[in-house]
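Okay, upload-v4.cif is below, mmCIF, C-alpha atoms:
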data_protein
#
loop_
_atom_site.label_atom_id
_atom_site.label_comp_id
_atom_site.auth_asym_id
_atom_site.auth_seq_id
_atom_site.Cartn_x
_atom_site.Cartn_y
_atom_site.Cartn_z
CA MET A 30 99.80 78.02 105.62
CA LYS A 31 96.78 78.61 107.85
CA ALA A 32 93.86 80.44 106.27
CA ILE A 33 90.37 81.36 107.44
CA VAL A 34 88.02 80.67 104.52
CA ILE A 35 84.41 80.47 103.46
CA GLU A 36 83.26 77.80 101.02
CA LYS A 37 79.99 79.50 100.10
CA TYR A 38 78.16 82.77 100.71
CA GLY A 39 76.37 82.97 104.04
CA ASN A 40 76.55 84.18 107.62
CA GLU A 41 79.56 84.33 109.94
CA ASN A 42 79.24 80.64 110.76
CA GLU A 43 80.66 79.81 107.32
CA PHE A 44 84.22 80.60 108.47
CA LYS A 45 86.56 77.66 108.96
CA GLU A 46 90.30 77.31 109.46
CA VAL A 47 92.10 75.25 106.80
CA GLU A 48 95.60 74.48 105.59
CA MET A 49 96.43 75.79 102.11
CA ASP A 50 99.53 76.04 99.94
CA ARG A 51 101.51 79.21 100.48
CA PRO A 52 101.02 81.52 97.48
CA VAL A 53 103.93 82.34 95.16
CA PRO A 54 104.43 85.97 94.12
CA LYS A 55 104.08 86.73 90.41
CA ALA A 56 106.08 89.36 88.56
CA GLY A 57 105.56 92.72 90.25
CA GLN A 58 104.23 91.16 93.46
CA VAL A 59 105.63 90.52 96.92
CA LEU A 60 104.72 87.77 99.38
CA ILE A 61 104.12 89.10 102.86
CA GLU A 62 103.78 87.25 106.12
CA VAL A 63 100.56 88.72 107.48
CA LYS A 64 101.04 89.95 111.03
CA ALA A 65 97.63 91.65 111.24
CA ALA A 66 94.56 92.25 109.09
CA SER A 67 91.54 94.42 109.70
CA VAL A 68 87.82 93.83 109.24
CA ASN A 69 85.72 96.32 107.28
CA PRO A 70 81.97 96.42 106.52
CA LEU A 71 82.96 95.46 102.97
CA ASP A 72 84.07 92.07 104.30
CA TRP A 73 80.70 90.95 105.64
CA LYS A 74 78.83 92.42 102.68
CA VAL A 75 80.97 90.27 100.37
CA ARG A 76 80.56 87.25 102.68
CA GLU A 77 76.78 87.56 102.67
CA GLY A 78 76.78 87.64 98.86
CA TYR A 79 75.37 91.16 98.62
CA LEU A 80 78.12 92.18 96.18
CA LYS A 81 78.50 88.92 94.24
CA ASP A 82 77.42 90.48 90.93
CA ARG A 83 80.14 93.14 91.19
CA LEU A 84 82.73 91.20 93.20
CA PRO A 85 82.22 87.47 92.50
CA LEU A 86 84.37 85.01 94.46
CA ARG A 87 85.83 81.61 93.66
CA PHE A 88 85.60 79.23 96.60
CA PRO A 89 87.19 78.44 98.95
CA ALA A 90 87.68 82.18 99.45
CA ILE A 91 89.90 84.06 101.87
CA LEU A 92 88.31 87.39 102.79
CA GLY A 93 90.01 90.49 104.18
CA TRP A 94 91.68 93.22 102.14
CA ASP A 95 93.75 95.17 104.68
CA ALA A 96 97.11 93.82 105.82
CA ALA A 97 100.28 94.71 107.67
CA GLY A 98 103.25 92.39 107.68
CA VAL A 99 106.78 91.61 106.58
CA ILE A 100 107.97 90.82 103.06
CA VAL A 101 109.37 87.29 102.83
CA GLU A 102 109.76 87.00 99.07
CA THR A 103 109.69 89.28 96.03
CA GLY A 104 108.63 88.49 92.48
CA SER A 105 110.60 89.51 89.43
CA GLY A 106 110.64 93.21 88.63
CA VAL A 107 110.05 94.42 92.20
CA SER A 108 112.45 97.27 92.88
CA ALA A 109 111.05 99.54 95.63
CA PHE A 110 110.77 96.87 98.33
CA LYS A 111 112.92 94.04 99.61
CA LYS A 112 112.74 91.01 101.86
CA GLY A 113 112.39 92.04 105.49
CA ASP A 114 110.54 95.33 104.86
CA ALA A 115 107.59 96.00 107.15
CA VAL A 116 104.72 97.08 104.90
CA PHE A 117 100.98 97.64 104.82
CA ALA A 118 98.46 97.71 102.00
CA LYS A 119 94.90 97.56 100.77
CA THR A 120 94.94 94.48 98.54
CA GLU A 121 92.92 93.49 95.48
CA THR A 122 89.32 92.67 96.42
CA ASN A 123 89.17 89.02 95.43
CA GLU A 124 89.26 85.56 97.00
CA ASN A 125 92.99 85.77 97.82
CA GLY A 126 92.52 87.91 100.90
CA THR A 127 94.40 88.60 104.11
CA TYR A 128 92.79 86.34 106.74
CA ALA A 129 95.79 84.05 106.29
CA ASP A 130 99.43 83.57 107.23
CA TYR A 131 100.63 84.85 103.83
CA THR A 132 99.28 86.86 100.93
CA CYS A 133 100.64 88.25 97.65
CA ILE A 134 100.33 91.96 96.96
CA GLU A 135 101.23 94.07 93.92
CA GLU A 136 104.18 96.38 94.51
CA GLU A 137 102.21 99.51 93.53
CA LYS A 138 99.69 98.87 96.33
CA LEU A 139 102.35 98.72 99.08
CA ALA A 140 103.67 101.34 101.46
CA LYS A 141 106.29 101.08 104.16
CA MET A 142 104.78 100.92 107.60
CA PRO A 143 105.19 103.90 109.95
CA GLU A 144 107.81 102.87 112.48
CA ARG A 145 105.78 104.21 115.39
CA LEU A 146 102.81 101.94 114.69
CA SER A 147 102.28 98.35 115.72
CA PHE A 148 101.23 95.83 113.08
CA SER A 149 97.69 95.89 114.47
CA GLU A 150 97.52 99.68 114.25
CA ALA A 151 98.97 99.68 110.74
CA ALA A 152 96.51 97.05 109.52
CA SER A 153 93.63 99.30 110.56
CA VAL A 154 94.67 102.05 108.16
CA PRO A 155 94.67 101.16 104.44
CA LEU A 156 91.06 100.76 103.28
CA ALA A 157 89.55 103.28 105.69
CA GLY A 158 92.43 105.76 105.44
CA LEU A 159 92.57 105.63 101.64
CA THR A 160 88.81 106.08 101.34
CA ALA A 161 88.89 109.22 103.49
CA TRP A 162 92.04 110.51 101.77
CA GLN A 163 90.66 110.09 98.24
CA VAL A 164 87.32 111.73 99.01
CA LEU A 165 88.81 114.72 100.83
CA ASN A 166 91.73 115.26 98.45
CA ASP A 167 90.92 113.87 95.01
CA VAL A 168 87.14 114.16 94.83
CA ALA A 169 86.31 117.16 97.02
CA ASP A 170 89.70 118.95 97.12
CA VAL A 171 88.97 120.30 100.60
CA GLN A 172 90.69 123.62 101.28
CA ASP A 173 91.67 125.55 104.40
CA GLY A 174 88.52 127.18 105.79
CA ASP A 175 86.01 124.86 104.10
CA ASN A 176 83.01 123.65 106.07
CA VAL A 177 82.77 119.85 106.08
CA LEU A 178 80.01 117.62 107.47
CA ILE A 179 80.84 113.94 107.99
CA LEU A 180 77.88 111.61 108.43
CA GLY A 181 79.13 108.71 110.55
CA GLY A 182 82.26 110.26 112.04
CA ALA A 183 83.11 107.64 114.67
CA GLY A 184 83.60 104.60 112.44
CA GLY A 185 86.68 103.42 110.57
CA VAL A 186 86.48 105.78 107.58
CA GLY A 187 84.82 108.52 109.60
CA SER A 188 87.54 108.70 112.26
CA PHE A 189 90.18 109.15 109.55
CA ALA A 190 87.99 111.63 107.66
CA VAL A 191 87.59 113.87 110.70
CA GLN A 192 91.34 113.93 111.29
CA ILE A 193 92.35 114.44 107.66
CA ALA A 194 89.79 117.22 107.14
CA LYS A 195 91.08 119.00 110.24
CA HIS A 196 94.66 118.55 109.04
CA LYS A 197 93.64 120.29 105.81
CA GLY A 198 92.26 123.24 107.79
CA ALA A 199 88.53 122.59 107.48
CA TYR A 200 85.84 123.30 110.04
CA VAL A 201 84.49 119.82 110.76
CA ALA A 202 81.05 118.81 111.94
CA ALA A 203 80.41 115.11 112.37
CA THR A 204 77.55 112.88 113.44
CA ALA A 205 77.73 109.96 115.86
CA SER A 206 75.75 108.46 118.73
CA GLU A 207 75.53 110.17 122.11
CA GLU A 208 78.26 107.97 123.59
CA ASN A 209 80.68 108.99 120.82
CA GLN A 210 80.33 112.76 121.16
CA GLY A 211 83.41 113.04 123.37
CA PHE A 212 85.33 110.75 121.04
CA LEU A 213 84.56 113.01 118.06
CA LYS A 214 85.94 115.98 119.99
CA SER A 215 89.06 114.01 120.92
CA ILE A 216 89.93 113.39 117.26
CA GLY A 217 89.35 117.01 116.27
CA ALA A 218 85.68 117.50 115.38
CA ASP A 219 84.63 121.13 115.91
CA HIS A 220 80.91 120.34 116.08
CA PRO A 221 79.87 116.84 117.19
CA ILE A 222 76.22 116.08 116.44
CA ASP A 223 74.09 113.40 118.11
CA TYR A 224 72.29 111.96 115.10
CA LYS A 225 69.50 110.47 117.26
CA LYS A 226 68.53 113.86 118.68
CA GLU A 227 69.61 116.39 116.08
CA ASN A 228 69.30 116.87 112.33
CA PRO A 229 72.47 118.49 110.92
CA ALA A 230 70.31 120.59 108.57
CA ASP A 231 68.73 122.30 111.61
CA LEU A 232 72.15 123.23 112.99
CA LEU A 233 74.32 123.94 109.96
CA SER A 234 74.16 125.94 106.77
CA ASP A 235 76.67 126.92 104.12
CA VAL A 236 78.39 123.52 104.24
CA ASP A 237 80.81 122.97 101.35
CA LEU A 238 80.98 119.18 101.57
CA ILE A 239 78.87 116.41 103.03
CA PHE A 240 80.87 113.18 103.26
CA ASP A 241 78.21 110.50 103.62
CA LEU A 242 79.19 107.22 105.29
CA VAL A 243 75.63 106.27 106.27
CA GLY A 244 73.41 106.64 103.20
CA GLY A 245 69.66 106.51 102.79
CA LEU A 246 67.39 108.88 104.69
CA THR A 247 70.26 110.22 106.82
CA ALA A 248 71.96 111.81 103.82
CA GLU A 249 68.67 113.06 102.39
CA LYS A 250 67.75 114.82 105.65
CA ALA A 251 71.20 116.42 105.91
CA LEU A 252 71.19 117.72 102.33
CA PRO A 253 69.71 121.18 103.16
CA ALA A 254 72.86 121.93 105.21
CA LEU A 255 74.81 122.17 101.94
CA LYS A 256 75.26 125.57 100.37
CA GLU A 257 74.07 126.24 96.83
CA GLY A 258 76.45 124.45 94.48
CA GLY A 259 77.89 122.31 97.28
CA LEU A 260 79.08 118.72 97.03
CA LEU A 261 77.81 115.47 98.54
CA VAL A 262 80.14 112.48 98.28
CA SER A 263 78.85 109.09 99.40
CA VAL A 264 80.57 105.76 99.89
CA ALA A 265 77.36 104.24 101.28
CA GLY A 266 75.30 104.21 98.10
CA ASN A 267 74.29 106.31 95.12
CA PRO A 268 73.13 109.72 96.37
CA ASP A 269 69.62 110.97 95.59
CA THR A 270 70.46 113.37 92.77
CA GLU A 271 66.82 114.45 92.32
CA ALA A 272 66.77 116.14 95.72
CA ALA A 273 70.06 117.90 94.98
CA ARG A 274 69.43 119.07 91.43
CA SER A 275 67.15 121.97 92.32
CA ARG A 276 69.95 123.59 94.34
CA ASN A 277 72.76 122.84 91.89
CA ILE A 278 74.32 120.39 94.35
CA ARG A 279 76.79 117.93 92.85
CA THR A 280 76.53 114.32 94.07
CA VAL A 281 79.24 111.70 93.67
CA TYR A 282 79.51 108.04 94.63
CA HIS A 283 83.12 107.09 95.39
CA SER A 284 84.65 103.62 95.34
CA ILE A 285 88.15 103.18 96.78
CA GLU A 286 91.18 102.53 94.60
CA ALA A 287 94.20 100.86 96.18
CA SER A 288 97.26 103.13 95.97
CA GLY A 289 100.64 102.61 97.58
CA LYS A 290 101.63 106.19 96.71
CA GLN A 291 98.68 107.67 98.59
CA LEU A 292 99.14 105.24 101.46
CA GLN A 293 102.75 106.42 101.76
CA GLU A 294 101.47 110.00 102.11
CA ILE A 295 99.11 108.87 104.86
CA SER A 296 102.01 106.97 106.44
CA ALA A 297 104.01 110.20 106.69
CA LEU A 298 101.20 111.87 108.67
CA LEU A 299 100.89 108.82 110.91
CA GLN A 300 104.62 108.81 111.58
CA LEU A 301 104.41 112.47 112.65
CA ASP A 302 101.37 111.74 114.86
CA MET A 303 99.30 114.23 112.84
CA ILE A 304 96.63 111.57 112.45
CA VAL A 305 96.22 108.46 114.59
CA PRO A 306 94.54 105.11 113.95
CA VAL A 307 91.65 104.16 116.20
CA VAL A 308 91.57 100.44 117.02
CA THR A 309 88.55 99.37 119.04
CA GLU A 310 89.38 95.72 119.49
CA VAL A 311 92.11 93.25 118.52
CA LEU A 312 90.96 89.66 118.07
CA PRO A 313 92.97 86.55 117.19
CA MET A 314 93.12 85.50 113.56
CA THR A 315 91.22 82.27 114.13
CA ALA A 316 87.86 81.13 112.80
CA ALA A 317 86.29 82.17 116.12
CA GLY A 318 88.04 85.55 116.11
CA VAL A 319 86.99 86.31 112.54
CA LYS A 320 83.41 85.25 113.32
CA GLN A 321 83.28 87.57 116.34
CA ALA A 322 84.74 90.49 114.36
CA HIS A 323 82.19 90.03 111.58
CA GLN A 324 79.33 89.90 114.09
CA SER A 325 80.49 93.17 115.67
CA SER A 326 80.97 94.88 112.31
CA GLN A 327 77.59 93.76 111.02
CA GLU A 328 75.83 94.98 114.16
CA GLY A 329 77.26 98.44 113.44
CA HIS A 330 78.29 101.29 115.72
CA VAL A 331 81.92 100.14 115.93
CA ARG A 332 84.19 102.99 117.00
CA GLY A 333 87.23 103.01 114.72
CA LYS A 334 88.45 99.61 113.51
CA LEU A 335 88.40 95.92 114.38
CA VAL A 336 91.71 94.12 113.87
CA LEU A 337 92.80 90.48 113.62
CA ASN A 338 96.19 89.76 115.15
CA ASN A 339 98.27 86.97 113.56
CA GLN A 340 101.53 87.38 115.46
CA LYS A 341 102.82 84.16 116.92
#
Spell out the structure here as structure tokens.
Amino acid sequence: MKAIVIEKYGNENEFKEVEMDRPVPKAGQVLIEVKAASVNPLDWKVREGYLKDRLPLRFPAILGWDAAGVIVETGSGVSAFKKGDAVFAKTETNENGTYADYTCIEEEKLAKMPERLSFSEAASVPLAGLTAWQVLNDVADVQDGDNVLILGGAGGVGSFAVQIAKHKGAYVAATASEENQGFLKSIGADHPIDYKKENPADLLSDVDLIFDLVGGLTAEKALPALKEGGLLVSVAGNPDTEAARSRNIRTVYHSIEASGKQLQEISALLQLDMIVPVVTEVLPMTAAGVKQAHQSSQEGHVRGKLVLNNQK
């Protein structure tokens, strides 16, 4: 099979296209033909070696941990899926990634693809959608009428977070650049905020949840918008608990867990058009396409998701 690999940590120029043996599914796994994969900030952070202590790789390594495709083989014990099923998943974060023609995925991480989505649209969902879903449902338990502030609302996770929070009945404020203010409104944000001109803490008070996708000084400056006893959840780094402690604010760092069950719940909303994926650009799954996608992701300010198309 064709695979786009890196043979050492480094910049985007490390990507090369190689031929590798097609993987064989183990018990409880399926082999899918990858029709599309998406690129997340996690990908380039792993590639650069920033996370090598927590997520070490064996080389040559295939990156990419979002996929949409068709099952071509099932391992022993697989019962919920069969050959020919169109599926999508967030895979295990290791060197057997999805920038390739085929990949093996554990059955419990899979969900059936919404019929109304293309493979490229479906591939944009798992990591970003699951991150937003888990924070808003499992960690924060957002309720109808809650006030939610999303820092970084126009990106991959942010665009899903805005939509899911609105679906749950929250009042949603979200930050983005000036050019993305209209986009935030189009996906349901009640109060778009231009982060370059406005500090959310000067505009908002009595916020129940800050969902931080930016980290650092941005989250610290927004903290006063939270009500006494509010919650800050970050996926961008460990929140500054010292600043929050005096006001009884709870701070949580969340790391995604792959879940086919939760992805199936997201799939149901996608099928009903209650939330929609936002795909900024679709690039070919070639060494050049992967390199370009990583450059764009690393530069930041990507609206929605970048996707690699592998359909022949």
Please identify all polymer residues within 9 Å of Lys119 in chain A, counting all atoms listed in the file, omitting same-chain residues fewer than 5 positions from it, and present them as a tab-separated table (two decimals) with C-alpha atoms, in the coordinates of the input.
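Output below, filename part.tsv:
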chain	number	residue	atom	x	y	z
A	94	TRP	CA	91.68	93.22	102.14
A	95	ASP	CA	93.75	95.17	104.68
A	96	ALA	CA	97.11	93.82	105.82
A	134	ILE	CA	100.33	91.96	96.96
A	138	LYS	CA	99.69	98.87	96.33
A	139	LEU	CA	102.35	98.72	99.08
A	152	ALA	CA	96.51	97.05	109.52
A	154	VAL	CA	94.67	102.05	108.16
A	155	PRO	CA	94.67	101.16	104.44
A	156	LEU	CA	91.06	100.76	103.28
A	159	LEU	CA	92.57	105.63	101.64
A	286	GLU	CA	91.18	102.53	94.60
A	287	ALA	CA	94.20	100.86	96.18
A	288	SER	CA	97.26	103.13	95.97
A	289	GLY	CA	100.64	102.61	97.58
A	292	LEU	CA	99.14	105.24	101.46
Contact check, range 110-165 of chain A to range 47-51 of chain A, at most 12 Å, counting only C-alpha atoms, closest pairs as a tab-separated table:
residue	atom	partner	partner_atom	distance
A:Asn125	CA	A:Arg51	CA	11.1
A:Tyr128	CA	A:Val47	CA	11.1
A:Ala129	CA	A:Met49	CA	9.3
A:Asp130	CA	A:Arg51	CA	8.3
A:Tyr131	CA	A:Arg51	CA	6.6
A:Thr132	CA	A:Arg51	CA	8.0
A:Cys133	CA	A:Arg51	CA	9.5
Just say which residues the PyMOL selection byres ((chain A and resi 122) around 9) picks in this file, as a VMD selection string. chain A and resid 84 92 to 94 119 to 121 123 to 126
File of the preceding selection, C-alpha atoms, as an mmCIF file, in the frame of the given file:
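Contents of result_20.cif, freshly written:
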data_model
loop_
_atom_site.group_PDB
_atom_site.id
_atom_site.type_symbol
_atom_site.label_atom_id
_atom_site.label_comp_id
_atom_site.auth_asym_id
_atom_site.auth_seq_id
_atom_site.Cartn_x
_atom_site.Cartn_y
_atom_site.Cartn_z
ATOM 1 C CA LEU A 84 82.730 91.200 93.200
ATOM 2 C CA LEU A 92 88.310 87.390 102.790
ATOM 3 C CA GLY A 93 90.010 90.490 104.180
ATOM 4 C CA TRP A 94 91.680 93.220 102.140
ATOM 5 C CA LYS A 119 94.900 97.560 100.770
ATOM 6 C CA THR A 120 94.940 94.480 98.540
ATOM 7 C CA GLU A 121 92.920 93.490 95.480
ATOM 8 C CA ASN A 123 89.170 89.020 95.430
ATOM 9 C CA GLU A 124 89.260 85.560 97.000
ATOM 10 C CA ASN A 125 92.990 85.770 97.820
ATOM 11 C CA GLY A 126 92.520 87.910 100.900
#
Pull out every residue that the PyMOL selection byres ((chain A and resi 42) around 12) matches in the shown coordinates and put them as an mmCIF file with C-alpha atoms, in the coordinates of the input.
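See expr02.cif below for the written result:
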data_model
loop_
_atom_site.group_PDB
_atom_site.id
_atom_site.type_symbol
_atom_site.label_atom_id
_atom_site.label_comp_id
_atom_site.auth_asym_id
_atom_site.auth_seq_id
_atom_site.Cartn_x
_atom_site.Cartn_y
_atom_site.Cartn_z
ATOM 1 C CA ILE A 33 90.370 81.360 107.440
ATOM 2 C CA VAL A 34 88.020 80.670 104.520
ATOM 3 C CA ILE A 35 84.410 80.470 103.460
ATOM 4 C CA GLU A 36 83.260 77.800 101.020
ATOM 5 C CA LYS A 37 79.990 79.500 100.100
ATOM 6 C CA TYR A 38 78.160 82.770 100.710
ATOM 7 C CA GLY A 39 76.370 82.970 104.040
ATOM 8 C CA ASN A 40 76.550 84.180 107.620
ATOM 9 C CA GLU A 41 79.560 84.330 109.940
ATOM 10 C CA GLU A 43 80.660 79.810 107.320
ATOM 11 C CA PHE A 44 84.220 80.600 108.470
ATOM 12 C CA LYS A 45 86.560 77.660 108.960
ATOM 13 C CA GLU A 46 90.300 77.310 109.460
ATOM 14 C CA TRP A 73 80.700 90.950 105.640
ATOM 15 C CA ARG A 76 80.560 87.250 102.680
ATOM 16 C CA GLU A 77 76.780 87.560 102.670
ATOM 17 C CA ALA A 316 87.860 81.130 112.800
ATOM 18 C CA ALA A 317 86.290 82.170 116.120
ATOM 19 C CA GLY A 318 88.040 85.550 116.110
ATOM 20 C CA VAL A 319 86.990 86.310 112.540
ATOM 21 C CA LYS A 320 83.410 85.250 113.320
ATOM 22 C CA GLN A 321 83.280 87.570 116.340
ATOM 23 C CA ALA A 322 84.740 90.490 114.360
ATOM 24 C CA HIS A 323 82.190 90.030 111.580
ATOM 25 C CA GLN A 324 79.330 89.900 114.090
#
Just how far from CA of Gly333 in chain A is CA of Val186 in chain A, in Å to one decimal? 7.7 Å
Any chance you could tabulate, as CSV, the residues of range 146-224 of chain A at most 8 Å from range 334-338 of chain A with each one's nearest atom pair and distance in Å to one decimal, using all atoms listed in the file, in chain and rising number order?
residue,atom,partner,partner_atom,distance
A:Ser149,CA,A:Val336,CA,6.3
A:Ala152,CA,A:Val336,CA,7.1
A:Ser153,CA,A:Lys334,CA,6.0
A:Gly184,CA,A:Lys334,CA,7.0
A:Gly185,CA,A:Lys334,CA,5.1
Selection result for the PyMOL selection byres ((chain A and resi 70) around 10) on this file, as a list in words: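 Selected by the PyMOL selection byres ((chain A and resi 70) around 10) here: Val68, Asn69, Leu71, Asp72, Trp73, Lys74, Val75, Gly185, His323, Ser325, Ser326, Gln327, Glu328 and Gly329 of chain A.
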Of A:Lys225, A:Arg83, A:Lys141, A:Lys112, the one nearest to Gln293 in chain A when counting all atoms listed in the file is A:Lys141
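Of the listed residues A:Asp82, A:Asp237, A:Asp269, A:Glu310, the one whose atoms come nearest to Val171 in chain A is A:Asp237, with distances taken using only C-alpha atoms.
Between CA of Phe212 in chain A and CA of Ile304 in chain A there is a distance of 14.2 Å.
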Axis-aligned box for range 251-262 of chain A, 5 Å per side, centre and edges in Å as JSON:
{"center_x": 74.9, "center_y": 119.4, "center_z": 100.2, "size_x": 20.4, "size_y": 23.8, "size_z": 21.4}
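The closest residue to Ile222 in chain A, picked from A:Ser108, A:Asn267, A:Asn209, A:Ser234 and counting all atoms listed in the file, is A:Asn209.
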